[in-house]
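Engineer: Provided below: target05.pdb, containing PDB, C-alpha atoms and all ligand atoms.
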```
ATOM      1  CA  MET H  17     -39.564 111.282 231.802  1.00  0.00           C
ATOM      2  CA  ILE H  18     -37.840 111.407 235.197  1.00  0.00           C
ATOM      3  CA  ARG H  19     -34.439 113.090 235.301  1.00  0.00           C
ATOM      4  CA  PRO H  20     -32.002 110.365 236.467  1.00  0.00           C
ATOM      5  CA  ILE H  21     -30.508 110.795 239.942  1.00  0.00           C
ATOM      6  CA  ILE H  22     -27.086 109.328 240.716  1.00  0.00           C
ATOM      7  CA  ALA H  23     -26.179 109.525 244.387  1.00  0.00           C
ATOM      8  CA  ALA H  24     -23.013 108.463 246.215  1.00  0.00           C
ATOM      9  CA  ASN H  25     -23.405 107.267 249.809  1.00  0.00           C
ATOM     10  CA  TRP H  26     -19.967 107.532 251.375  1.00  0.00           C
ATOM     11  CA  LYS H  27     -21.060 105.785 254.590  1.00  0.00           C
ATOM     12  CA  MET H  28     -18.398 106.163 257.352  1.00  0.00           C
ATOM     13  CA  ASN H  29     -15.605 107.259 255.014  1.00  0.00           C
ATOM     14  CA  LYS H  30     -13.622 110.447 254.231  1.00  0.00           C
ATOM     15  CA  THR H  31     -12.304 113.295 256.352  1.00  0.00           C
ATOM     16  CA  VAL H  32     -13.191 116.914 255.600  1.00  0.00           C
ATOM     17  CA  SER H  33     -10.138 117.435 253.392  1.00  0.00           C
ATOM     18  CA  GLU H  34     -10.692 114.151 251.521  1.00  0.00           C
ATOM     19  CA  SER H  35     -14.318 115.175 250.954  1.00  0.00           C
ATOM     20  CA  LEU H  36     -13.297 118.587 249.613  1.00  0.00           C
ATOM     21  CA  ASP H  37     -10.727 117.050 247.236  1.00  0.00           C
ATOM     22  CA  PHE H  38     -13.416 114.764 245.816  1.00  0.00           C
ATOM     23  CA  VAL H  39     -15.907 117.599 245.444  1.00  0.00           C
ATOM     24  CA  SER H  40     -13.540 119.943 243.631  1.00  0.00           C
ATOM     25  CA  ARG H  41     -12.925 117.230 241.005  1.00  0.00           C
ATOM     26  CA  LEU H  42     -16.598 116.271 240.826  1.00  0.00           C
ATOM     27  CA  MET H  43     -17.659 119.859 240.182  1.00  0.00           C
ATOM     28  CA  GLN H  44     -15.481 119.853 237.056  1.00  0.00           C
ATOM     29  CA  LEU H  45     -16.954 116.547 235.893  1.00  0.00           C
ATOM     30  CA  VAL H  46     -20.590 117.645 236.122  1.00  0.00           C
ATOM     31  CA  ILE H  47     -20.179 120.819 234.085  1.00  0.00           C
ATOM     32  CA  GLY H  48     -22.747 120.677 231.295  1.00  0.00           C
ATOM     33  CA  MET H  49     -24.489 117.579 232.693  1.00  0.00           C
ATOM     34  CA  ASN H  50     -27.937 119.076 233.037  1.00  0.00           C
ATOM     35  CA  ASP H  51     -29.896 115.970 232.124  1.00  0.00           C
ATOM     36  CA  ARG H  52     -29.112 114.191 235.406  1.00  0.00           C
ATOM     37  CA  GLN H  53     -28.980 115.075 239.081  1.00  0.00           C
ATOM     38  CA  VAL H  54     -25.828 114.153 240.995  1.00  0.00           C
ATOM     39  CA  VAL H  55     -26.009 113.897 244.797  1.00  0.00           C
ATOM     40  CA  ILE H  56     -23.271 113.093 247.327  1.00  0.00           C
ATOM     41  CA  ALA H  57     -23.755 111.958 250.925  1.00  0.00           C
ATOM     42  CA  PRO H  58     -20.629 112.704 252.988  1.00  0.00           C
ATOM     43  CA  PRO H  59     -20.403 111.926 256.716  1.00  0.00           C
ATOM     44  CA  PHE H  60     -21.908 114.502 259.117  1.00  0.00           C
ATOM     45  CA  THR H  61     -18.510 116.042 259.926  1.00  0.00           C
ATOM     46  CA  ALA H  62     -17.924 117.093 256.301  1.00  0.00           C
ATOM     47  CA  LEU H  63     -21.444 118.334 255.449  1.00  0.00           C
ATOM     48  CA  TYR H  64     -21.000 122.009 256.242  1.00  0.00           C
ATOM     49  CA  ALA H  65     -17.653 122.359 254.458  1.00  0.00           C
ATOM     50  CA  VAL H  66     -18.893 120.411 251.424  1.00  0.00           C
ATOM     51  CA  GLY H  67     -22.121 122.436 251.396  1.00  0.00           C
ATOM     52  CA  ALA H  68     -20.081 125.655 251.309  1.00  0.00           C
ATOM     53  CA  ALA H  69     -17.896 124.283 248.492  1.00  0.00           C
ATOM     54  CA  LEU H  70     -20.984 123.279 246.489  1.00  0.00           C
ATOM     55  CA  LYS H  71     -22.647 126.724 246.658  1.00  0.00           C
ATOM     56  CA  GLY H  72     -23.923 127.603 243.201  1.00  0.00           C
ATOM     57  CA  SER H  73     -23.353 124.074 241.891  1.00  0.00           C
ATOM     58  CA  SER H  74     -26.114 121.728 240.732  1.00  0.00           C
ATOM     59  CA  ILE H  75     -24.784 118.858 242.881  1.00  0.00           C
ATOM     60  CA  GLY H  76     -27.129 117.881 245.704  1.00  0.00           C
ATOM     61  CA  LEU H  77     -25.884 117.357 249.255  1.00  0.00           C
ATOM     62  CA  ALA H  78     -27.349 114.526 251.332  1.00  0.00           C
ATOM     63  CA  ALA H  79     -26.954 113.556 254.960  1.00  0.00           C
ATOM     64  CA  GLN H  80     -26.883 109.822 255.654  1.00  0.00           C
ATOM     65  CA  ASN H  81     -29.294 109.935 258.591  1.00  0.00           C
ATOM     66  CA  LEU H  82     -31.195 112.355 260.852  1.00  0.00           C
ATOM     67  CA  SER H  83     -33.039 112.324 264.153  1.00  0.00           C
ATOM     68  CA  GLU H  84     -36.742 111.548 264.261  1.00  0.00           C
ATOM     69  CA  ASN H  85     -37.017 114.232 266.949  1.00  0.00           C
ATOM     70  CA  LYS H  86     -37.243 117.952 266.364  1.00  0.00           C
ATOM     71  CA  ASP H  87     -34.768 119.249 268.955  1.00  0.00           C
ATOM     72  CA  GLY H  88     -33.884 118.891 272.625  1.00  0.00           C
ATOM     73  CA  ALA H  89     -32.120 116.433 274.929  1.00  0.00           C
ATOM     74  CA  TYR H  90     -31.015 113.754 272.457  1.00  0.00           C
ATOM     75  CA  THR H  91     -27.260 113.487 272.977  1.00  0.00           C
ATOM     76  CA  GLY H  92     -25.409 112.584 269.796  1.00  0.00           C
ATOM     77  CA  GLU H  93     -28.348 113.162 267.450  1.00  0.00           C
ATOM     78  CA  VAL H  94     -28.574 115.607 264.521  1.00  0.00           C
ATOM     79  CA  SER H  95     -31.869 117.259 263.604  1.00  0.00           C
ATOM     80  CA  ALA H  96     -33.427 117.971 260.232  1.00  0.00           C
ATOM     81  CA  ARG H  97     -33.213 121.717 260.840  1.00  0.00           C
ATOM     82  CA  MET H  98     -29.464 121.466 261.544  1.00  0.00           C
ATOM     83  CA  LEU H  99     -28.899 119.499 258.347  1.00  0.00           C
ATOM     84  CA  ALA H 100     -30.869 121.904 256.183  1.00  0.00           C
ATOM     85  CA  ASP H 101     -28.940 124.765 257.814  1.00  0.00           C
ATOM     86  CA  ALA H 102     -25.641 123.018 256.958  1.00  0.00           C
ATOM     87  CA  GLY H 103     -26.662 122.989 253.283  1.00  0.00           C
ATOM     88  CA  CYS H 104     -28.314 119.585 252.869  1.00  0.00           C
ATOM     89  CA  THR H 105     -30.861 119.261 250.103  1.00  0.00           C
ATOM     90  CA  HIS H 106     -31.434 115.523 250.597  1.00  0.00           C
ATOM     91  CA  VAL H 107     -31.213 112.950 253.383  1.00  0.00           C
ATOM     92  CA  ILE H 108     -30.883 109.167 253.167  1.00  0.00           C
ATOM     93  CA  ILE H 109     -33.420 107.484 255.452  1.00  0.00           C
ATOM     94  CA  GLY H 110     -33.780 103.833 256.466  1.00  0.00           C
ATOM     95  CA  HIS H 111     -30.625 102.491 254.865  1.00  0.00           C
ATOM     96  CA  SER H 112     -30.389  98.739 255.526  1.00  0.00           C
ATOM     97  CA  GLU H 113     -27.313  99.351 257.693  1.00  0.00           C
ATOM     98  CA  ARG H 114     -29.439 101.647 259.875  1.00  0.00           C
ATOM     99  CA  ARG H 115     -32.238  99.102 259.947  1.00  0.00           C
ATOM    100  CA  THR H 116     -30.071  96.101 260.817  1.00  0.00           C
ATOM    101  CA  ILE H 117     -27.140  97.533 262.832  1.00  0.00           C
ATOM    102  CA  PHE H 118     -29.067 100.302 264.611  1.00  0.00           C
ATOM    103  CA  GLY H 119     -32.489  98.652 264.801  1.00  0.00           C
ATOM    104  CA  GLU H 120     -34.467 101.315 262.923  1.00  0.00           C
ATOM    105  CA  SER H 121     -38.088 100.322 262.482  1.00  0.00           C
ATOM    106  CA  ASN H 122     -40.522 101.411 259.805  1.00  0.00           C
ATOM    107  CA  ASP H 123     -42.180 103.635 262.449  1.00  0.00           C
ATOM    108  CA  VAL H 124     -38.921 105.467 263.120  1.00  0.00           C
ATOM    109  CA  ILE H 125     -38.327 105.774 259.399  1.00  0.00           C
ATOM    110  CA  ARG H 126     -41.785 107.300 258.927  1.00  0.00           C
ATOM    111  CA  ALA H 127     -41.044 109.894 261.634  1.00  0.00           C
ATOM    112  CA  LYS H 128     -37.692 110.718 260.023  1.00  0.00           C
ATOM    113  CA  ILE H 129     -39.334 111.217 256.625  1.00  0.00           C
ATOM    114  CA  SER H 130     -41.754 113.653 258.200  1.00  0.00           C
ATOM    115  CA  MET H 131     -38.895 115.623 259.843  1.00  0.00           C
ATOM    116  CA  ALA H 132     -36.972 115.827 256.571  1.00  0.00           C
ATOM    117  CA  LEU H 133     -40.016 117.080 254.665  1.00  0.00           C
ATOM    118  CA  GLN H 134     -40.767 119.720 257.312  1.00  0.00           C
ATOM    119  CA  SER H 135     -37.243 121.099 256.871  1.00  0.00           C
ATOM    120  CA  GLY H 136     -37.508 121.156 253.081  1.00  0.00           C
ATOM    121  CA  MET H 137     -35.113 118.276 252.336  1.00  0.00           C
ATOM    122  CA  GLN H 138     -35.840 115.424 249.951  1.00  0.00           C
ATOM    123  CA  PRO H 139     -35.825 112.042 251.695  1.00  0.00           C
ATOM    124  CA  ILE H 140     -34.096 109.189 249.861  1.00  0.00           C
ATOM    125  CA  VAL H 141     -35.965 106.317 251.478  1.00  0.00           C
ATOM    126  CA  CYS H 142     -34.217 102.936 251.295  1.00  0.00           C
ATOM    127  CA  ILE H 143     -36.095  99.659 251.140  1.00  0.00           C
ATOM    128  CA  GLY H 144     -35.040  96.124 250.238  1.00  0.00           C
ATOM    129  CA  GLU H 145     -35.143  92.475 251.182  1.00  0.00           C
ATOM    130  CA  THR H 146     -32.499  90.193 252.717  1.00  0.00           C
ATOM    131  CA  ILE H 147     -31.271  87.046 250.978  1.00  0.00           C
ATOM    132  CA  GLU H 148     -33.379  84.850 253.306  1.00  0.00           C
ATOM    133  CA  GLU H 149     -36.472  86.871 252.448  1.00  0.00           C
ATOM    134  CA  ARG H 150     -35.770  86.600 248.712  1.00  0.00           C
ATOM    135  CA  GLU H 151     -35.015  82.891 248.817  1.00  0.00           C
ATOM    136  CA  SER H 152     -38.173  82.168 250.758  1.00  0.00           C
ATOM    137  CA  GLY H 153     -40.228  84.024 248.155  1.00  0.00           C
ATOM    138  CA  ARG H 154     -41.111  86.943 250.435  1.00  0.00           C
ATOM    139  CA  THR H 155     -39.486  89.828 248.498  1.00  0.00           C
ATOM    140  CA  PHE H 156     -42.758  91.471 247.473  1.00  0.00           C
ATOM    141  CA  ASP H 157     -44.310  91.066 250.947  1.00  0.00           C
ATOM    142  CA  VAL H 158     -41.283  92.701 252.574  1.00  0.00           C
ATOM    143  CA  ILE H 159     -41.263  95.601 250.114  1.00  0.00           C
ATOM    144  CA  ALA H 160     -45.027  96.079 250.514  1.00  0.00           C
ATOM    145  CA  LYS H 161     -44.691  96.172 254.316  1.00  0.00           C
ATOM    146  CA  GLN H 162     -41.792  98.644 254.215  1.00  0.00           C
ATOM    147  CA  ILE H 163     -43.792 100.919 251.912  1.00  0.00           C
ATOM    148  CA  LYS H 164     -47.066 100.557 253.791  1.00  0.00           C
ATOM    149  CA  GLU H 165     -45.552 101.215 257.219  1.00  0.00           C
ATOM    150  CA  GLY H 166     -42.848 103.684 256.230  1.00  0.00           C
ATOM    151  CA  LEU H 167     -44.390 105.681 253.412  1.00  0.00           C
ATOM    152  CA  ASN H 168     -48.155 105.367 253.265  1.00  0.00           C
ATOM    153  CA  GLN H 169     -48.906 108.239 255.628  1.00  0.00           C
ATOM    154  CA  ILE H 170     -47.093 110.842 253.569  1.00  0.00           C
ATOM    155  CA  GLU H 171     -49.454 113.548 252.342  1.00  0.00           C
ATOM    156  CA  THR H 172     -50.265 113.379 248.654  1.00  0.00           C
ATOM    157  CA  SER H 173     -48.903 116.932 248.309  1.00  0.00           C
ATOM    158  CA  ASP H 174     -45.524 115.774 249.681  1.00  0.00           C
ATOM    159  CA  ILE H 175     -45.053 112.703 247.537  1.00  0.00           C
ATOM    160  CA  LYS H 176     -43.385 114.762 244.806  1.00  0.00           C
ATOM    161  CA  HIS H 177     -40.458 115.365 247.178  1.00  0.00           C
ATOM    162  CA  ILE H 178     -39.836 111.673 247.881  1.00  0.00           C
ATOM    163  CA  ILE H 179     -37.125 109.515 246.293  1.00  0.00           C
ATOM    164  CA  ILE H 180     -37.166 105.751 246.891  1.00  0.00           C
ATOM    165  CA  ALA H 181     -34.013 103.625 246.701  1.00  0.00           C
ATOM    166  CA  TYR H 182     -34.470  99.898 246.241  1.00  0.00           C
ATOM    167  CA  GLU H 183     -31.379  98.276 247.746  1.00  0.00           C
ATOM    168  CA  PRO H 184     -31.572  94.488 248.006  1.00  0.00           C
ATOM    169  CA  VAL H 185     -29.581  93.847 251.174  1.00  0.00           C
ATOM    170  CA  TRP H 186     -27.819  90.852 249.602  1.00  0.00           C
ATOM    171  CA  ALA H 187     -26.375  93.057 246.860  1.00  0.00           C
ATOM    172  CA  ILE H 188     -24.903  95.748 249.130  1.00  0.00           C
ATOM    173  CA  GLY H 189     -21.105  95.695 249.300  1.00  0.00           C
ATOM    174  CA  ALA H 190     -21.248  92.165 247.948  1.00  0.00           C
ATOM    175  CA  GLY H 191     -19.961  92.686 244.441  1.00  0.00           C
ATOM    176  CA  LYS H 192     -23.165  90.875 243.518  1.00  0.00           C
ATOM    177  CA  THR H 193     -25.707  93.039 241.725  1.00  0.00           C
ATOM    178  CA  ALA H 194     -29.345  92.231 241.164  1.00  0.00           C
ATOM    179  CA  THR H 195     -29.743  91.535 237.453  1.00  0.00           C
ATOM    180  CA  PRO H 196     -31.360  94.454 235.632  1.00  0.00           C
ATOM    181  CA  GLU H 197     -34.453  92.232 235.236  1.00  0.00           C
ATOM    182  CA  GLN H 198     -34.614  91.349 238.958  1.00  0.00           C
ATOM    183  CA  ALA H 199     -34.236  95.009 239.902  1.00  0.00           C
ATOM    184  CA  GLY H 200     -36.652  96.170 237.206  1.00  0.00           C
ATOM    185  CA  GLU H 201     -39.315  93.751 238.467  1.00  0.00           C
ATOM    186  CA  VAL H 202     -39.150  95.111 242.031  1.00  0.00           C
ATOM    187  CA  HIS H 203     -39.035  98.717 240.787  1.00  0.00           C
ATOM    188  CA  GLY H 204     -42.204  98.070 238.773  1.00  0.00           C
ATOM    189  CA  PHE H 205     -43.837  96.606 241.876  1.00  0.00           C
ATOM    190  CA  ILE H 206     -42.858  99.646 243.984  1.00  0.00           C
ATOM    191  CA  ARG H 207     -44.344 101.989 241.387  1.00  0.00           C
ATOM    192  CA  LYS H 208     -47.553  99.954 241.294  1.00  0.00           C
ATOM    193  CA  LEU H 209     -47.910 100.148 245.091  1.00  0.00           C
ATOM    194  CA  MET H 210     -47.328 103.887 245.044  1.00  0.00           C
ATOM    195  CA  GLU H 211     -49.855 104.249 242.235  1.00  0.00           C
ATOM    196  CA  GLU H 212     -52.491 102.381 244.270  1.00  0.00           C
ATOM    197  CA  ARG H 213     -51.898 104.732 247.199  1.00  0.00           C
ATOM    198  CA  TYR H 214     -51.187 108.073 245.508  1.00  0.00           C
ATOM    199  CA  GLY H 215     -52.570 107.779 241.976  1.00  0.00           C
ATOM    200  CA  GLU H 216     -51.065 107.402 238.543  1.00  0.00           C
ATOM    201  CA  GLU H 217     -49.447 110.781 237.967  1.00  0.00           C
ATOM    202  CA  PRO H 218     -47.471 111.041 241.264  1.00  0.00           C
ATOM    203  CA  ALA H 219     -46.340 107.415 240.879  1.00  0.00           C
ATOM    204  CA  ARG H 220     -45.195 108.040 237.314  1.00  0.00           C
ATOM    205  CA  ARG H 221     -43.039 110.964 238.491  1.00  0.00           C
ATOM    206  CA  LEU H 222     -41.562 109.149 241.518  1.00  0.00           C
ATOM    207  CA  PRO H 223     -37.806 108.533 241.185  1.00  0.00           C
ATOM    208  CA  VAL H 224     -36.950 104.950 242.189  1.00  0.00           C
ATOM    209  CA  LEU H 225     -33.176 104.416 242.433  1.00  0.00           C
ATOM    210  CA  TYR H 226     -31.358 101.084 242.501  1.00  0.00           C
ATOM    211  CA  GLY H 227     -28.535 100.425 244.982  1.00  0.00           C
ATOM    212  CA  GLY H 228     -26.253  97.433 245.541  1.00  0.00           C
ATOM    213  CA  SER H 229     -22.825  96.976 243.918  1.00  0.00           C
ATOM    214  CA  VAL H 230     -23.465  99.545 241.177  1.00  0.00           C
ATOM    215  CA  ASN H 231     -20.285 100.145 239.131  1.00  0.00           C
ATOM    216  CA  PRO H 232     -19.251 101.660 235.795  1.00  0.00           C
ATOM    217  CA  ASP H 233     -19.794  98.294 234.042  1.00  0.00           C
ATOM    218  CA  ASN H 234     -23.356  97.600 235.164  1.00  0.00           C
ATOM    219  CA  ILE H 235     -24.851 101.101 235.372  1.00  0.00           C
ATOM    220  CA  GLY H 236     -25.809 101.230 231.679  1.00  0.00           C
ATOM    221  CA  LYS H 237     -27.867  98.032 231.747  1.00  0.00           C
ATOM    222  CA  LEU H 238     -29.538  98.982 235.021  1.00  0.00           C
ATOM    223  CA  MET H 239     -30.486 102.414 233.693  1.00  0.00           C
ATOM    224  CA  ALA H 240     -31.931 100.816 230.556  1.00  0.00           C
ATOM    225  CA  GLN H 241     -34.745  99.333 232.689  1.00  0.00           C
ATOM    226  CA  PRO H 242     -37.858 101.490 232.344  1.00  0.00           C
ATOM    227  CA  ASP H 243     -38.604 101.717 236.068  1.00  0.00           C
ATOM    228  CA  ILE H 244     -35.026 102.390 237.241  1.00  0.00           C
ATOM    229  CA  ASN H 245     -34.525 106.142 237.531  1.00  0.00           C
ATOM    230  CA  GLY H 246     -31.066 106.308 239.016  1.00  0.00           C
ATOM    231  CA  ALA H 247     -28.616 104.735 241.424  1.00  0.00           C
ATOM    232  CA  LEU H 248     -27.504 104.933 245.029  1.00  0.00           C
ATOM    233  CA  VAL H 249     -23.833 104.024 244.870  1.00  0.00           C
ATOM    234  CA  GLY H 250     -21.724 102.873 247.826  1.00  0.00           C
ATOM    235  CA  GLY H 251     -18.156 101.623 247.344  1.00  0.00           C
ATOM    236  CA  ALA H 252     -17.814 102.775 243.731  1.00  0.00           C
ATOM    237  CA  GLY H 253     -18.795 106.294 244.795  1.00  0.00           C
ATOM    238  CA  LEU H 254     -15.702 106.770 246.962  1.00  0.00           C
ATOM    239  CA  ASN H 255     -13.324 107.291 244.059  1.00  0.00           C
ATOM    240  CA  VAL H 256     -14.092 110.342 241.956  1.00  0.00           C
ATOM    241  CA  ASP H 257     -12.858 108.808 238.683  1.00  0.00           C
ATOM    242  CA  THR H 258     -15.001 105.710 239.166  1.00  0.00           C
ATOM    243  CA  PHE H 259     -17.998 107.770 240.244  1.00  0.00           C
ATOM    244  CA  GLY H 260     -17.391 110.049 237.261  1.00  0.00           C
ATOM    245  CA  LYS H 261     -17.783 107.039 234.953  1.00  0.00           C
ATOM    246  CA  ILE H 262     -21.022 106.061 236.675  1.00  0.00           C
ATOM    247  CA  ILE H 263     -22.595 109.519 236.432  1.00  0.00           C
ATOM    248  CA  SER H 264     -21.745 109.717 232.741  1.00  0.00           C
ATOM    249  CA  PHE H 265     -23.390 106.336 231.997  1.00  0.00           C
TER
HETATM  250  P1  LIG H 301     -22.376  99.256 247.461  1.00  0.00           P
HETATM  251  O1  LIG H 301     -22.507 100.047 246.185  1.00  0.00           O
HETATM  252  O2  LIG H 301     -21.024  99.334 248.083  1.00  0.00           O
HETATM  253  O3  LIG H 301     -22.891  97.870 247.295  1.00  0.00           O
HETATM  254  O4  LIG H 301     -23.351  99.954 248.536  1.00  0.00           O
HETATM  255  C1  LIG H 301     -24.654 100.246 248.181  1.00  0.00           C
HETATM  256  C2  LIG H 301     -25.271 101.069 249.233  1.00  0.00           C
HETATM  257  O5  LIG H 301     -25.480 100.614 250.348  1.00  0.00           O
HETATM  258  C3  LIG H 301     -25.581 102.460 248.911  1.00  0.00           C
HETATM  259  O6  LIG H 301     -26.373 103.055 249.885  1.00  0.00           O
END
```
Rewrite the structure of this file - the entire thing - as structure tokens.

Structural biologist:
Amino acid sequence: MIRPIIAANWKMNKTVSESLDFVSRLMQLVIGMNDRQVVIAPPFTALYAVGAALKGSSIGLAAQNLSENKDGAYTGEVSARMLADAGCTHVIIGHSERRTIFGESNDVIRAKISMALQSGMQPIVCIGETIEERESGRTFDVIAKQIKEGLNQIETSDIKHIIIAYEPVWAIGAGKTATPEQAGEVHGFIRKLMEERYGEEPARRLPVLYGGSVNPDNIGKLMAQPDINGALVGGAGLNVDTFGKIISF
């Protein structure tokens, strides 16, 4: 049985003080919740302060991106080592907004995963198809390509640190969620691919999160699917009361 992971991706929202207000409330809400892992992904500017506030708490801290390079002359970039030093335990990699707005390829994503692992952070690797890809019957091909090119070169010994988030692009910020059955079908497919590459036991232990318009009303049905092990929440993770309802699904 995989311990469910509920993560909030704040995207480009919240100042340092807004982040700290959220976290002080969230820390109260998670007291006694040992059967699930809660993770928050503030913007870069709030990571250090939030990391300091979270010291001793079970809440994970994720960055939303990192550089594929180790260090050096890369103006504006943030390295894995810097993020780990700021208190990050996790890092979101290959979010569809990074892929589409910033042109991140599967090759770049693979390099970023490697950097995160070297610095001891758990990558939350996002994959998912667009509406055109789904409607033309290419969902499974797209997912297979993203996994093959982005994830297949990870060492077997590292696979236990990986978290996958299936986020159908058409469900992100759309108020339109994949049905639990649609999501469950793709999650099952992802697990099968990972089993073919890494074997049964690592695939069985791999957390596969769902993301795309998750809210307090649909979280229960999504989590009832056998291959859904948690959620990556966007908009509904910005308000601590709403997020509190999601984490206590
Ligand atoms: P929404 O929950 O706002 O659809 O965003 C999902 C997402 O992109 C999380 O990474």

Engineer: For the structure provided, state which residues fall under the PyMOL selection byres (((not hetatm)) within 9 of (chain H and resi 301)), and present them as number ranges by chain.

Structural biologist: H: 23-27, 80, 108, 111-113, 142, 181, 183-193, 226-231, 247-253

Engineer: I need the output of the PyMOL selection byres (((chain H and resi 54) around 7) and not hetatm) for this file as a list of chain:residue names; which residues are they?

Structural biologist: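 So the PyMOL selection byres (((chain H and resi 54) around 7) and not hetatm) ends up selecting H:Ile21, H:Ile22, H:Ala23, H:Arg52, H:Gln53, H:Val55, H:Ile56, H:Ile75, H:Gly76.
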
Engineer: Would you compute the distance between atom CA of H:Thr172 and atom CA of H:Met98? Give it in Å to one decimal.

Structural biologist: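 If I compute the distance from atom CA of H:Thr172 to atom CA of H:Met98, I get 25.8 Å.
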
Engineer: Please evaluate the PyMOL selection byres (((chain H and resi 167) around 12) and not hetatm) against the displayed coordinates and give the resulting residues as JSON, numbers by chain.

Structural biologist: {"H": [109, 110, 122, 123, 124, 125, 126, 127, 128, 129, 130, 139, 140, 141, 142, 143, 159, 160, 161, 162, 163, 164, 165, 166, 168, 169, 170, 171, 172, 174, 175, 178, 179, 180, 206, 209, 210, 213, 214]}

Engineer: With distances taken over all atoms listed in the file, which residue among H:Cys104, H:Ala132, H:Asp51, H:Lys208 lies nearest H:Leu70?

Structural biologist: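 Counting all atoms listed in the file, the residue closest to H:Leu70 is H:Cys104.
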
Engineer: Give the answer as one residue: which of H:Ile47, H:Arg41, H:Glu34, H:Glu145 has the shortest atom-to-atom distance to H:Thr116, using all atoms listed in the file?

Structural biologist: H:Glu145

Engineer: What is the distance between atom CA of H:Leu63 and atom CA of H:Val107, in Å to one decimal?

Structural biologist: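 Answer for the atom CA of H:Leu63 to atom CA of H:Val107 separation: 11.3 Å.
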
Engineer: Ranking H:Ala219, H:Ala65, H:Val158, H:Val202 by minimum distance to H:Met17 and counting only C-alpha atoms, which one comes first?

Structural biologist: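 Ranked by minimum distance to H:Met17, first place goes to H:Ala219.
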
Engineer: So for stretch 151-164 of chain H, what box centre and size do we get, axis-aligned, 8 Å extra on each of the six sides, every listed atom, Å to one decimal, as lines of an AutoDock Vina configuration file?

Structural biologist:
```
center_x = -41.0
center_y = 91.5
center_z = 250.9
size_x = 28.1
size_y = 34.8
size_z = 22.8
```

Engineer: At a cut-off of 9 Å from (-35.8, 104.8, 233.6) in the coordinates of the file, what residues are picked up using all atoms listed in the file, written as a ChimeraX atom specification?

Structural biologist: /H:17-20,223-224,238-246

Engineer: Write out, as a compact mmCIF listing (two decimals), keeping the file's coordinate frame, the residues just selected, with C-alpha atoms.

Structural biologist:
```
# COMPACT_ATOMS: atom_id res chain seq x y z
CA MET H 17 -39.56 111.28 231.80
CA ILE H 18 -37.84 111.41 235.20
CA ARG H 19 -34.44 113.09 235.30
CA PRO H 20 -32.00 110.36 236.47
CA PRO H 223 -37.81 108.53 241.18
CA VAL H 224 -36.95 104.95 242.19
CA LEU H 238 -29.54 98.98 235.02
CA MET H 239 -30.49 102.41 233.69
CA ALA H 240 -31.93 100.82 230.56
CA GLN H 241 -34.74 99.33 232.69
CA PRO H 242 -37.86 101.49 232.34
CA ASP H 243 -38.60 101.72 236.07
CA ILE H 244 -35.03 102.39 237.24
CA ASN H 245 -34.52 106.14 237.53
CA GLY H 246 -31.07 106.31 239.02
```

Engineer: Quick one, how far is atom CA of H:Glu93 from atom CA of H:Ala79?

Structural biologist: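 It comes out at 12.6 Å.
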
Engineer: Please determine, counting all atoms listed in the file, which residue among H:His203, H:Met137, H:Ala102, H:Phe38 has the shortest atom-to-atom distance to H:Arg220.

Structural biologist: H:His203

Engineer: Calculated over only C-alpha atoms, which of the candidates H:Lys71, H:Lys176, H:Arg207, H:Arg150 has the smallest distance to H:Val39?

Structural biologist: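 Ranking H:Lys71, H:Lys176, H:Arg207, H:Arg150 by distance to H:Val39, first place goes to H:Lys71.
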
Engineer: For a quick check of understanding, using only C-alpha atoms, which of H:Pro58, H:Gly88, H:Pro196, H:Gly204 has the smallest distance to H:Asn234?

Structural biologist: H:Pro196
